[in-house]
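Asks: Take this structure, written in structure tokens, and hold onto it; I'll ask about it next.
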Amino acid sequence: MPANISRRDYIIRGCSPPSEPTSTLVLTSKSGWYIDIRILLSQPRPSAKEIEKLKTIFKDENTDDAELFLDPDRKSLSINRLDWAFSGQGHSTPAKGKDPGFSKWEHWIDSKTGLGESPEPDEGSMYPQDDGRTLEKGSSIDAVTGEEKTYEEMWRNVAVVKPSTWPETSYSCVVLVCDEPEKSMRGCIMRLGEYCQGVKRVGKEFYAERWKYAYSDQWEEGKWCLLARIGDGDVGCEVLVNNIDLGQKVRVGEDVDVEGCKWRIHELDNDW
């Protein structure tokens, strides 16, 4: 399957009404490796007038990107602003006729579970919608009550775009992984199109980042913008956002050193 960027429009837990308290973005590579980061948006949310103003900051319709960018604490958000973040290998079978598709996500690294712990199963039935979105249905354990509850999540695709200023040879997707048991360290960074996300766990500490290559009337041409950094340390996304041609310098299986952490090139894809 081709690489994919998806954004969640809303979630329904049990009998509650649809809501979206987070900015949830999932980057998925061609091989199915993914990074899912869900950041709680600040409260109160912008008014309709403020939302129209947000749209002028980044030249697209994803106003939650602008919300994050304007947050004065975006460079060091508290871990309490992280609803959930996880990464690993995903497995999917497409819908066929009236039968829904099915997806299962392995959590190789998870903000809610430490290294060596087993996270709860993460799987759901996927129902394609007439408007091009996908409705995911499944069940999960309620963190407050401990009871199993049904959920529904509506997902929409975001185009994987190649900025016109990038070299012709630039890769559409680059995936790095870090696994150093002796340091109790594990992480993943992925740059896909105009987004870059990263997650890293070091012992009990967890870090997450989201970047976007954005356009605005406030600067002359596109540039990488840090939308959110969770925790007091860097994940290391700069190695990808500052090196668009990294894929031409290294091969799959080779290591890139970032501040003493060895990140291995897990995947390269040039399928725009």
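To be explicit about the labels: the chains of the structure tokens are called A, B, and onward in the order shown, and within each one the residues are counted from 1, while ligands get numbers from 1 in the order they are shown.
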Need the shell around A:Val252: protein/DNA/RNA residues with any atom at most 10 Å away, counting only C-alpha atoms. Skip same-chain ones fewer than 5 positions apart. Format as a list in words?
Replies: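 Listing them by chain and then by number gives Val174, Val175, Leu176, Gly247, Arg264, Ile265, His266, Glu267 and Leu268 of chain A.
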Asks: Any chance you can output those residues with N, CA and C atoms as an mmCIF file, in the first residue's frame?
Replies:
data_model
loop_
_atom_site.group_PDB
_atom_site.id
_atom_site.type_symbol
_atom_site.label_atom_id
_atom_site.label_comp_id
_atom_site.auth_asym_id
_atom_site.auth_seq_id
_atom_site.Cartn_x
_atom_site.Cartn_y
_atom_site.Cartn_z
ATOM 1 N N VAL A 174 11.099 9.042 4.771
ATOM 2 C CA VAL A 174 12.316 8.542 5.411
ATOM 3 C C VAL A 174 11.944 8.125 6.829
ATOM 4 N N VAL A 175 12.317 6.901 7.212
ATOM 5 C CA VAL A 175 12.007 6.379 8.544
ATOM 6 C C VAL A 175 13.302 6.014 9.259
ATOM 7 N N LEU A 176 13.475 6.536 10.476
ATOM 8 C CA LEU A 176 14.617 6.206 11.321
ATOM 9 C C LEU A 176 14.118 5.520 12.588
ATOM 10 N N GLY A 247 18.395 11.088 2.251
ATOM 11 C CA GLY A 247 18.239 9.807 1.588
ATOM 12 C C GLY A 247 19.294 9.534 0.534
ATOM 13 N N ARG A 264 18.970 4.249 13.039
ATOM 14 C CA ARG A 264 19.181 3.425 11.841
ATOM 15 C C ARG A 264 18.156 3.780 10.764
ATOM 16 N N ILE A 265 18.622 3.853 9.523
ATOM 17 C CA ILE A 265 17.718 4.089 8.402
ATOM 18 C C ILE A 265 16.881 2.831 8.200
ATOM 19 N N HIS A 266 15.613 2.932 8.548
ATOM 20 C CA HIS A 266 14.717 1.780 8.487
ATOM 21 C C HIS A 266 14.039 1.657 7.129
ATOM 22 N N GLU A 267 13.761 2.813 6.504
ATOM 23 C CA GLU A 267 13.017 2.785 5.237
ATOM 24 C C GLU A 267 13.239 4.078 4.466
ATOM 25 N N LEU A 268 13.364 3.941 3.137
ATOM 26 C CA LEU A 268 13.435 5.080 2.232
ATOM 27 C C LEU A 268 12.445 4.846 1.108
#
Asks: Give me, as JSON lines, each residue of stretch 18-43 of chain A that comes within 7 Å of stretch 83-102 of chain A, together with its shortest interatomic pair and the distance in Å at one decimal, counting only C-alpha atoms, with rows ordered by chain and rising residue number.
Replies:
{"residue": "A:Gly32", "atom": "CA", "partner": "A:Gly90", "partner_atom": "CA", "distance": 5.0}
{"residue": "A:Trp33", "atom": "CA", "partner": "A:Gln89", "partner_atom": "CA", "distance": 4.4}
{"residue": "A:Tyr34", "atom": "CA", "partner": "A:Ser87", "partner_atom": "CA", "distance": 5.5}
{"residue": "A:Ile35", "atom": "CA", "partner": "A:Ser87", "partner_atom": "CA", "distance": 4.4}
{"residue": "A:Asp36", "atom": "CA", "partner": "A:Phe86", "partner_atom": "CA", "distance": 5.4}
{"residue": "A:Ile37", "atom": "CA", "partner": "A:Ala85", "partner_atom": "CA", "distance": 4.3}
{"residue": "A:Arg38", "atom": "CA", "partner": "A:Trp84", "partner_atom": "CA", "distance": 5.2}
{"residue": "A:Ile39", "atom": "CA", "partner": "A:Asp83", "partner_atom": "CA", "distance": 5.5}
{"residue": "A:Leu40", "atom": "CA", "partner": "A:Asp83", "partner_atom": "CA", "distance": 5.8}
Asks: With 12 Å as the cut-off and only C-alpha atoms counted, what is the closest atom pair between each nearby residue of stretch 106-150 of chain A and stretch 207-219 of chain A? Distances in Å to one decimal, ordered by chain and number, as JSON lines.
Replies:
{"residue": "A:Ile109", "atom": "CA", "partner": "A:Tyr207", "partner_atom": "CA", "distance": 11.0}
{"residue": "A:Asp110", "atom": "CA", "partner": "A:Tyr207", "partner_atom": "CA", "distance": 10.4}
{"residue": "A:Ser111", "atom": "CA", "partner": "A:Tyr207", "partner_atom": "CA", "distance": 8.3}
{"residue": "A:Lys112", "atom": "CA", "partner": "A:Tyr207", "partner_atom": "CA", "distance": 11.9}
Asks: Okay, now the selection with N, CA, C and O atoms, as a tab-separated table (two decimals), in the first residue's frame?
Replies:
chain	number	residue	atom	x	y	z
A	109	ILE	N	6.67	1.17	20.51
A	109	ILE	CA	6.92	2.18	21.53
A	109	ILE	C	5.60	2.87	21.82
A	109	ILE	O	4.83	3.14	20.90
A	110	ASP	N	5.33	3.14	23.11
A	110	ASP	CA	4.01	3.63	23.52
A	110	ASP	C	4.18	4.54	24.71
A	110	ASP	O	4.89	4.21	25.66
A	111	SER	N	3.51	5.71	24.68
A	111	SER	CA	3.63	6.66	25.78
A	111	SER	C	2.97	6.15	27.06
A	111	SER	O	3.28	6.64	28.15
A	112	LYS	N	2.07	5.18	26.93
A	112	LYS	CA	1.34	4.70	28.10
A	112	LYS	C	1.95	3.46	28.73
A	112	LYS	O	1.55	3.06	29.83
Asks: As an NGL selection string, please: every residue in stretch 13-260 of chain A that a backbone DSSP assignment puts in strand (DSSP E).
Replies: :A and (13 or 22-28 or 33-40 or 82-93 or 101-105 or 109-110 or 123-128 or 134-141 or 148-158 or 173-180 or 185-192 or 195-202 or 205-214 or 223-230 or 255-258)
Asks: Find the residues near stretch 41-43 of chain A: any atom within 7 Å, counting only C-alpha atoms, skip ones fewer than 4 places away on the same chain, and give them as an NGL selection string.
Replies: :A and (21-23)
Asks: Please dump the current selection as a compact mmCIF listing (two decimals), in the first residue's frame; keep all heavy atoms.
Replies:
# COMPACT_ATOMS: atom_id res chain seq x y z
N PRO A 21 -10.99 16.53 20.95
CA PRO A 21 -10.22 17.38 21.86
C PRO A 21 -8.73 17.43 21.53
O PRO A 21 -7.98 18.13 22.20
CB PRO A 21 -10.44 16.71 23.22
CG PRO A 21 -10.59 15.25 22.87
CD PRO A 21 -11.30 15.22 21.54
N THR A 22 -8.33 16.68 20.51
CA THR A 22 -6.91 16.57 20.20
C THR A 22 -6.59 17.00 18.77
O THR A 22 -7.48 17.15 17.93
CB THR A 22 -6.42 15.12 20.36
OG1 THR A 22 -6.88 14.34 19.24
CG2 THR A 22 -6.90 14.51 21.66
N SER A 23 -5.32 17.16 18.52
CA SER A 23 -4.80 17.21 17.16
C SER A 23 -4.11 15.87 16.94
O SER A 23 -3.03 15.63 17.49
CB SER A 23 -3.81 18.37 16.99
OG SER A 23 -3.20 18.31 15.71
Asks: Can you pull out every residue within 10 Å of A:Ile51, counting only C-alpha atoms, but drop anything in the same chain fewer than 4 positions away, and send it as JSON, numbers by chain?
Replies: {"A": [45, 46, 47, 55, 56, 61, 63, 64, 66, 67]}
Asks: Give me a file of those residues, with N, CA, C and O atoms, as a compact mmCIF listing (two decimals), in the first residue's frame.
Replies:
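Final output, saved to selection23.txt:
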# COMPACT_ATOMS: atom_id res chain seq x y z
N ARG A 45 -11.19 26.54 23.10
CA ARG A 45 -10.87 26.50 21.68
C ARG A 45 -11.18 27.84 21.02
O ARG A 45 -11.98 28.62 21.52
N PRO A 46 -10.56 28.14 19.87
CA PRO A 46 -10.78 29.42 19.20
C PRO A 46 -12.22 29.59 18.75
O PRO A 46 -12.93 28.63 18.46
N SER A 47 -12.64 30.85 18.67
CA SER A 47 -13.97 31.16 18.15
C SER A 47 -13.96 31.03 16.64
O SER A 47 -12.90 30.87 16.01
N LYS A 55 -6.48 30.38 9.61
CA LYS A 55 -6.30 29.87 8.25
C LYS A 55 -5.34 30.72 7.43
O LYS A 55 -4.83 30.27 6.40
N THR A 56 -5.11 31.95 7.85
CA THR A 56 -4.19 32.82 7.12
C THR A 56 -2.74 32.61 7.55
O THR A 56 -1.82 33.09 6.88
N GLU A 61 -6.27 24.13 5.30
CA GLU A 61 -7.48 24.09 6.12
C GLU A 61 -7.28 23.45 7.49
O GLU A 61 -8.21 23.37 8.28
N THR A 63 -6.59 23.87 10.68
CA THR A 63 -6.41 24.96 11.64
C THR A 63 -5.77 24.50 12.94
O THR A 63 -5.18 25.32 13.65
N ASP A 64 -5.86 23.20 13.28
CA ASP A 64 -5.22 22.77 14.52
C ASP A 64 -3.70 22.85 14.41
O ASP A 64 -3.01 22.99 15.41
N ALA A 66 -2.15 25.40 13.00
CA ALA A 66 -1.92 26.79 13.37
C ALA A 66 -2.13 27.00 14.87
O ALA A 66 -1.41 27.77 15.51
N GLU A 67 -3.12 26.31 15.44
CA GLU A 67 -3.36 26.41 16.88
C GLU A 67 -2.12 25.99 17.65
O GLU A 67 -1.70 26.66 18.61
Asks: Excluding A:Asp9 and its own-chain neighbours fewer than 4 positions away, which residues fall within 9 Å of it when counting only C-alpha atoms? Please give them as number ranges by chain.
Replies: A: 19-20, 23-24, 153-156
Asks: Based on the backbone DSSP call, show me all residues of stretch 101-271 of chain A assigned alpha helix (DSSP H), as a compact mmCIF listing (two decimals) with N, CA and C atoms, in the first residue's frame.
Replies:
# COMPACT_ATOMS: atom_id res chain seq x y z
N GLU A 238 15.24 17.11 13.89
CA GLU A 238 16.03 18.05 13.09
C GLU A 238 16.91 17.34 12.08
N VAL A 239 17.31 16.11 12.37
CA VAL A 239 18.18 15.38 11.44
C VAL A 239 17.48 15.16 10.10
N LEU A 240 16.14 15.14 10.09
CA LEU A 240 15.39 14.97 8.85
C LEU A 240 14.90 16.29 8.28
N VAL A 241 14.44 17.19 9.13
CA VAL A 241 13.91 18.45 8.59
C VAL A 241 15.03 19.36 8.09
N LEU A 246 18.90 13.77 2.86
CA LEU A 246 19.53 12.72 3.66
C LEU A 246 19.48 11.36 2.96
N GLY A 247 18.40 11.09 2.25
CA GLY A 247 18.24 9.81 1.59
C GLY A 247 19.29 9.53 0.53
N GLN A 248 19.93 10.60 0.02
CA GLN A 248 20.98 10.42 -0.98
C GLN A 248 22.34 10.15 -0.33
N LYS A 249 22.44 10.41 0.97
CA LYS A 249 23.72 10.28 1.66
C LYS A 249 23.89 8.94 2.36
Asks: Give the answer as one residue: which of A:Asp65, A:Asp271, A:Glu136, A:Glu168 has the shortest atom-to-atom distance to A:Asp245, using only C-alpha atoms?
Replies: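 The answer is A:Glu168, which sits nearest to A:Asp245.
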Asks: Using only C-alpha atoms, which residues of stretch 55-114 of chain A come within 9 Å of stretch 224-230 of chain A, and what is the closest atom pair for each, with the distance in Å to one decimal? Give it as JSON lines, sorted by chain and residue number.
Replies:
{"residue": "A:Asp65", "atom": "CA", "partner": "A:Leu227", "partner_atom": "CA", "distance": 6.6}
{"residue": "A:Ala66", "atom": "CA", "partner": "A:Leu227", "partner_atom": "CA", "distance": 7.9}
{"residue": "A:Glu67", "atom": "CA", "partner": "A:Leu227", "partner_atom": "CA", "distance": 8.6}
{"residue": "A:Leu68", "atom": "CA", "partner": "A:Leu227", "partner_atom": "CA", "distance": 5.4}
{"residue": "A:Phe69", "atom": "CA", "partner": "A:Leu227", "partner_atom": "CA", "distance": 4.7}
{"residue": "A:Leu70", "atom": "CA", "partner": "A:Leu227", "partner_atom": "CA", "distance": 8.4}
{"residue": "A:Asp71", "atom": "CA", "partner": "A:Ala228", "partner_atom": "CA", "distance": 8.6}
{"residue": "A:Asp73", "atom": "CA", "partner": "A:Ala228", "partner_atom": "CA", "distance": 8.4}
{"residue": "A:Arg74", "atom": "CA", "partner": "A:Ala228", "partner_atom": "CA", "distance": 4.7}
{"residue": "A:Lys75", "atom": "CA", "partner": "A:Arg229", "partner_atom": "CA", "distance": 5.1}
{"residue": "A:Ser76", "atom": "CA", "partner": "A:Arg229", "partner_atom": "CA", "distance": 5.3}
{"residue": "A:Leu77", "atom": "CA", "partner": "A:Ile230", "partner_atom": "CA", "distance": 4.8}
{"residue": "A:Ser78", "atom": "CA", "partner": "A:Ile230", "partner_atom": "CA", "distance": 6.0}
{"residue": "A:Ile79", "atom": "CA", "partner": "A:Ile230", "partner_atom": "CA", "distance": 5.8}
{"residue": "A:Asn80", "atom": "CA", "partner": "A:Ile230", "partner_atom": "CA", "distance": 8.8}
{"residue": "A:Arg81", "atom": "CA", "partner": "A:Ile230", "partner_atom": "CA", "distance": 7.6}
{"residue": "A:Leu82", "atom": "CA", "partner": "A:Ile230", "partner_atom": "CA", "distance": 7.0}
Asks: Can you pull out every residue within 9 Å of A:Gly203, counting only C-alpha atoms, but drop anything in the same chain fewer than 6 positions away, and send it as a PyMOL selection string?
Replies: chain A and resi 114-115+183-186
Asks: Give me, as a PyMOL selection string, all polymer residues having an atom no more than 9 Å from A:Met1, counting only C-alpha atoms and skipping those fewer than 5 positions away in the same chain.
Replies: chain A and resi 29-32
Asks: Those same residues, written as a tab-separated table (two decimals), in the first residue's frame with N, CA, C and O atoms?
Replies:
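Output (part.tsv):
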chain	number	residue	atom	x	y	z
A	29	SER	N	4.18	4.67	6.61
A	29	SER	CA	5.07	4.45	5.47
A	29	SER	C	4.52	3.36	4.56
A	29	SER	O	3.53	2.70	4.86
A	30	LYS	N	5.19	3.17	3.45
A	30	LYS	CA	4.77	2.18	2.46
A	30	LYS	C	4.76	0.77	3.04
A	30	LYS	O	3.93	-0.07	2.69
A	31	SER	N	5.67	0.49	3.95
A	31	SER	CA	5.77	-0.85	4.55
A	31	SER	C	4.77	-1.06	5.67
A	31	SER	O	4.62	-2.17	6.19
A	32	GLY	N	4.07	0.02	6.09
A	32	GLY	CA	3.10	-0.08	7.17
A	32	GLY	C	3.62	0.41	8.51
A	32	GLY	O	2.89	0.40	9.51
Asks: Using only C-alpha atoms, find the one residue out of A:Tyr151, A:Tyr127, A:Tyr195, A:Phe58 that sits nearest to A:Tyr10.
Replies: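 Looking at the shortest contact to A:Tyr10, the residue is A:Tyr151.
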Asks: Quick one, how far is atom CA of A:Ile12 from atom CA of A:Ser140?
Replies: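 These two atoms are separated by 11.8 Å.
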